[in-house]
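Following: one structure in structure tokens, then a few remarks.
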Protein chains: 2
Amino acid sequence: MIWGCFSWSSLGSIVSASSSRFVGNLLVIPMDGSHWVGIKAIAQEMGRRGHRVTVVMPEVTSRMGPGKYYDTVTFPVPYDKAFVESVMATHKEIMKKSSQPFMEKIKSRITQIQSIVGMLHSTAESLLFNDRFPLTLQDFDAVLTDPMVPTGSLIARKLGLPTVNLLRGIPCSLDMKSAGCPSPPSYVPRFFSGYTDKMDFKQRVINTLVAFLEPLLCRVIYWHFDQIAYQFLGEKVGVAEVLSDSDIWLMRFDFTLEFPRPLMPNMVLVGGINCNVRNPLPEDLEPWVSGQHGFVVFTFGSMVSELPRETAAVFLEAFRQIPQKVIWRYTGPLPDDIPENVKMMKWVPQNDLLAHPGARAFITHAGSHGIFEGLCHAVPMLMLPLNGDQPDNARRFASRGTGVVLDIFSITTEILLQGLNEVINNTRYRENLQRLSALHTDRPIDPLELSVYWTEFVMRHKGAKHLKAAVHDLNLIQYFCLDVIALLVTVVLVFLILTVKCFKMCFRKLGKKRKQD
Amino acid sequence: MIWGCFSWSSLGSIVSASSSRFVGNLLVIPMDGSHWVGIKAIAQEMGRRGHRVTVVMPEVTSRMGPGKYYDTVTFPVPYDKAFVESVMATHKEIMKKSSQPFMEKIKSRITQIQSIVGMLHSTAESLLFNDRFPLTLQDFDAVLTDPMVPTGSLIARKLGLPTVNLLRGIPCSLDMKSAGCPSPPSYVPRFFSGYTDKMDFKQRVINTLVAFLEPLLCRVIYWHFDQIAYQFLGEKVGVAEVLSDSDIWLMRFDFTLEFPRPLMPNMVLVGGINCNVRNPLPEDLEPWVSGQHGFVVFTFGSMVSELPRETAAVFLEAFRQIPQKVIWRYTGPLPDDIPENVKMMKWVPQNDLLAHPGARAFITHAGSHGIFEGLCHAVPMLMLPLNGDQPDNARRFASRGTGVVLDIFSITTEILLQGLNEVINNTRYRENLQRLSALHTDRPIDPLELSVYWTEFVMRHKGAKHLKAAVHDLNLIQYFCLDVIALLVTVVLVFLILTVKCFKMCFRKLGKKRKQD
């Protein structure tokens, strides 16, 4: 499965750094889509500080591309732009089928997941089994990657390089497992459960069952990558073991979103990494948004940039009835009846718009980047989650009174209007957000700065072994001390049995003696 | 048990802060002895930044005193300076008795612990049950304290103030328990065990047993404080519950000393907090230490500033035989035969001496402040631990090849000389230390800066509730999901039994049918 060779494009204007500072070579192996946003920010900043940063990306991508401060290496893939777009369009298809029977919806969802996963596997294989790969990627100090797709982690292991991970989390908790981080199911709610950290008995039972099933789920999700790992590395290791090599885990959350939970020493919280990556608004947008009633920002992330016609109509009808202006990221063909207060654009500077004092509400799919930007700038949110971590993100934020969650698949103009009026006119959402935003933004170091710091740390010290717990040397029985507990229980039981037998014997002898007397 | 009233002394020259910065009132309730060192550094720095800092201390102390940037409030205690000194002198007595039989040594140790604990209780009661207390300590934004003696935590609960703790750790893991932090006994070695994070089966059994016994140990250690808490607060809470109120735990360690372990979101590592609190050497010391062979720093901390005559002679004899100069902190009567290369002083600027390029070795009791200073400046250590966390500190550092551990109770000139020559002349100790020091000092923020940051954070936001895990609402059965596991096991068992019964019935019926046929 070798499709071709690498092509290098040195677009980076490498900044010369002072001799006293450490300057190194960073290999970046990102994931496409919204996952690229955070990785790009770190790659750019690392390049800006004088490091030589090389980003490896497929020739065909949905969002990735060159940047001012990094080089790119592209590798050929067996699909074209049209295929990528067709995969993206599956979201729209699913929304269209929202009125279909349950089994039909499930079928569409499975087809969608299969097409996305198929593309991810194909991309990974195109890089890993490219014949020029080992020759080209050399002399790096560390790998920065998103372990959700473990291509970067596999390459790091093959090249013997330390790894820095940037991620929001892996649904089957593979990240926590690989980092050796305890996640007590009694107060750490699992992904997709919708629970908070305060669970009743029934919820704890379900949460514990999910926790028990997580390893199985991981096996299912990473089944193909486990095979790829064996093929690529030539050693019998699974993805979990490969990820446990990781030196630093940059986690894209914090405890204004997540419920407080244990962490490991090599986990660094960088939720809101993009919050301060800001630019002034484009000249044509500034006067448009500066109205008396403010404006609403409406984006559904990189995966959904277009809605089925009937869903779009629901939104347009609602927007017609509010005094605020609306800026909507929309790549599909524009409807005929766009109200005057609505601007549909192929791309919007989301973070810059949210940072504008006129922003009144943020209609979002509750992707982790979006909600952190909304939180950072304290803009009340109307959350319409689609998939992945979005329903959980939405519920967690809503539980803190920062916005309203609606179901995109059964949305009507009335419901939408009610939600919009609620988040725009009820001041409690903004007040809660301001309090939460004050906590979120009150941190000793900006998350991007912190991410760069730990990436440089790993490069300087060739890893961060002193932060890795000795948990990886233990199997599950040893980790939970089940062998020790078994021994202790046995000792106690043997002691009890002997004591009882001893007493019985004594009583019997006493009884005999009395009889003899 | 009310001895008198408070006396205020406003020595602090409060620095005026810019109006944009948050300036608040901090109440500091420290512990005496070496525990004072870190708290003082934070109190000073907070005052220097413009906060009004009030330190509450007993009228009679061993180390505490006024400072440039904080006010002090003193309260009367029912003991005098001579009593404090007699308690300190117990260490010397125990060393003298090192040749005595085991039971005698144990007796002396118990007497020593009783006298120290008695003084701590008496100090706490003098503050808590002082009749003017509730009137005087008001209008504060937060309490900074050392929870080892929970006086500050009790006052914070009474006044409804958020708490910031600074500590190295509590031997029975009460800190971890109160913070809700998991400490799996499979790889988190317990205090005093001397184990590393890689334990064999036998060690895991003992470590697990210690973990099981820890709650009992805590009850014994904090028995009297549990009574005080009830008396003082008028509510049925123990020290563990009071400490679980704490907002931020500033932990005086890092993972160059400790073995990597889980942490909670409200735990902040500030090991080496005093490393950068530096001054130039006094004028008379600078020329003295600047010799060709360098010098050795010898201090045994605040608790032991004097040695039994015969032990002191062992050290002097060894020092006579090395080319290095020796600076020795010693408060007792000076011996007659001090060698020319030895300078005995009542007080030494330990951190400034260790920071001097001429420092060749550090003879220390392995107190946490000392070893972090040695680590910070990469000075090889000869560690002679006495008690508390010192044996563990020493073993952990020695396991990283940073120095040699010797037994102070059986020390001879030969052993000492051998140890000194080893750490001074074998370059591997300094090399290991330089590597470890590079890791220790490579951090995004200086530990003192970080401590101040989180103290200010708690003052600004009136706590840090969003960082506290929901573990405190759970009892042990719920926390470990034992009820859930019991239910699941029951369900599985019932299912198995029913299946077996079902099969049996089927077979029986089949058998009957066959017979009938």
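By convention in this document, the chains of the structure tokens carry letters A, B, ... by their order, each chain's residues are numbered from 1, and ligands are numbered from 1 in the order they are shown.
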
Chain A near chain B within 9 Å: what's each residue's closest atom pair and its distance in Å to one decimal, counting only C-alpha atoms, ordered by chain then ascending residue number, as CSV?
```
residue,atom,partner,partner_atom,distance
A:Gly180,CA,B:Pro262,CA,8.7
A:Cys181,CA,B:Pro262,CA,6.8
A:Pro182,CA,B:Pro182,CA,7.4
A:Pro184,CA,B:Phe480,CA,7.4
A:Pro185,CA,B:Cys481,CA,7.5
A:Ser186,CA,B:Tyr479,CA,5.4
A:Tyr187,CA,B:Ala470,CA,6.3
A:Val188,CA,B:Ala470,CA,8.8
A:Asp197,CA,B:Ala470,CA,6.1
A:Lys198,CA,B:Ala470,CA,6.7
A:Phe201,CA,B:Val484,CA,7.6
A:Lys202,CA,B:Val484,CA,8.8
A:Arg204,CA,B:Val484,CA,7.1
A:Val205,CA,B:Val484,CA,5.5
A:Thr208,CA,B:Val484,CA,7.5
A:Leu209,CA,B:Leu488,CA,8.7
A:Phe255,CA,B:His466,CA,6.3
A:Thr256,CA,B:His466,CA,6.7
A:Phe259,CA,B:Ala469,CA,7.2
A:Pro260,CA,B:Ala469,CA,4.6
A:Arg261,CA,B:Ala469,CA,5.9
A:Pro262,CA,B:Met264,CA,4.8
A:Leu263,CA,B:Leu263,CA,5.4
A:Met264,CA,B:Pro262,CA,4.8
A:Pro265,CA,B:Pro260,CA,6.4
A:Asn266,CA,B:Pro260,CA,8.8
A:Ala438,CA,B:His461,CA,8.6
A:Leu439,CA,B:His461,CA,7.7
A:Asp442,CA,B:Phe457,CA,7.6
A:Arg443,CA,B:Tyr453,CA,8.5
A:Pro444,CA,B:Tyr453,CA,6.8
A:Ile445,CA,B:Pro444,CA,7.9
A:Leu450,CA,B:Pro444,CA,7.3
A:Tyr453,CA,B:Pro444,CA,6.8
A:Trp454,CA,B:Pro444,CA,8.4
A:Phe457,CA,B:Asp442,CA,7.6
A:His461,CA,B:Leu439,CA,7.7
A:Ala464,CA,B:Leu439,CA,8.7
A:His466,CA,B:Phe255,CA,6.2
A:Leu467,CA,B:Pro260,CA,5.6
A:Lys468,CA,B:Pro260,CA,6.0
A:Ala469,CA,B:Pro260,CA,4.6
A:Ala470,CA,B:Asp197,CA,6.1
A:Val471,CA,B:Tyr187,CA,6.5
A:Asp473,CA,B:Lys198,CA,8.2
A:Leu474,CA,B:Ser186,CA,8.1
A:Gln478,CA,B:Ser186,CA,6.6
A:Tyr479,CA,B:Ser186,CA,5.4
A:Phe480,CA,B:Ser186,CA,6.9
A:Cys481,CA,B:Ser186,CA,6.0
A:Asp483,CA,B:Phe201,CA,8.6
A:Val484,CA,B:Val205,CA,5.5
A:Ile485,CA,B:Val205,CA,8.2
A:Leu487,CA,B:Val205,CA,8.4
A:Leu488,CA,B:Val205,CA,8.2
```

Taking 3 positions as the minimum chain separation for residues in the same chain, which residues sit within 10 Å of Asp80 (chain B) when counting only C-alpha atoms? Answer as a PDB file with N, CA and C atoms, in the first residue's frame.
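File produced: out07.pdb:
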```pdb
ATOM      1  N   GLU B  59       3.407  34.167  71.449  1.00  0.00           N
ATOM      2  CA  GLU B  59       4.390  35.124  71.994  1.00  0.00           C
ATOM      3  C   GLU B  59       5.781  34.501  72.092  1.00  0.00           C
ATOM      4  N   VAL B  60       5.789  33.203  72.323  1.00  0.00           N
ATOM      5  CA  VAL B  60       7.071  32.493  72.441  1.00  0.00           C
ATOM      6  C   VAL B  60       7.192  31.528  71.266  1.00  0.00           C
ATOM      7  N   THR B  61       8.236  31.681  70.470  1.00  0.00           N
ATOM      8  CA  THR B  61       8.410  30.783  69.317  1.00  0.00           C
ATOM      9  C   THR B  61       9.870  30.378  69.208  1.00  0.00           C
ATOM     10  N   PRO B  76      -0.785  34.991  73.872  1.00  0.00           N
ATOM     11  CA  PRO B  76      -0.019  34.411  74.973  1.00  0.00           C
ATOM     12  C   PRO B  76      -0.116  32.888  74.998  1.00  0.00           C
ATOM     13  N   VAL B  77       0.973  32.260  75.436  1.00  0.00           N
ATOM     14  CA  VAL B  77       1.006  30.799  75.591  1.00  0.00           C
ATOM     15  C   VAL B  77       1.519  30.455  76.992  1.00  0.00           C
ATOM     16  N   PHE B  83      11.317  26.535  77.911  1.00  0.00           N
ATOM     17  CA  PHE B  83      10.579  25.302  77.653  1.00  0.00           C
ATOM     18  C   PHE B  83      10.730  24.889  76.189  1.00  0.00           C
ATOM     19  N   VAL B  84      10.608  25.871  75.294  1.00  0.00           N
ATOM     20  CA  VAL B  84      10.772  25.582  73.856  1.00  0.00           C
ATOM     21  C   VAL B  84      12.155  25.008  73.603  1.00  0.00           C
ATOM     22  N   GLU B  85      13.169  25.626  74.230  1.00  0.00           N
ATOM     23  CA  GLU B  85      14.538  25.139  74.026  1.00  0.00           C
ATOM     24  C   GLU B  85      14.732  23.740  74.595  1.00  0.00           C
TER      25      GLU B  85
END
```

Members of region 333-400 of chain A assigned strand (DSSP E or B) by DSSP, as a VMD selection string: chain A and resid 342 to 345 359 to 364 381 to 383

Close residues, Gly194 (chain A) itself excluded, 8 Å, only C-alpha atoms, min 5 positions apart in chain, as a list in words: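 In the requested form, the answer reads Pro189, Pro391, Asp392, Arg395 and Arg396 of chain A.
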
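The closest residue to Val37 (chain B), picked from B:Leu448, B:Leu354, B:Val149, B:Val297 and counting only C-alpha atoms, is B:Leu448.
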
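Near Gly403 (chain B), within a cut-off of 9 Å and counting only C-alpha atoms, sit the residues B:Val379, B:Pro380, B:Met381, B:Leu382, B:Met383, B:Ala394, B:Phe397, B:Ala398, B:Ser399, B:Arg400, B:Gly419, B:Glu422, B:Val423, B:Tyr429, B:Arg430, B:Leu433, with same-chain residues fewer than 3 positions away left out.
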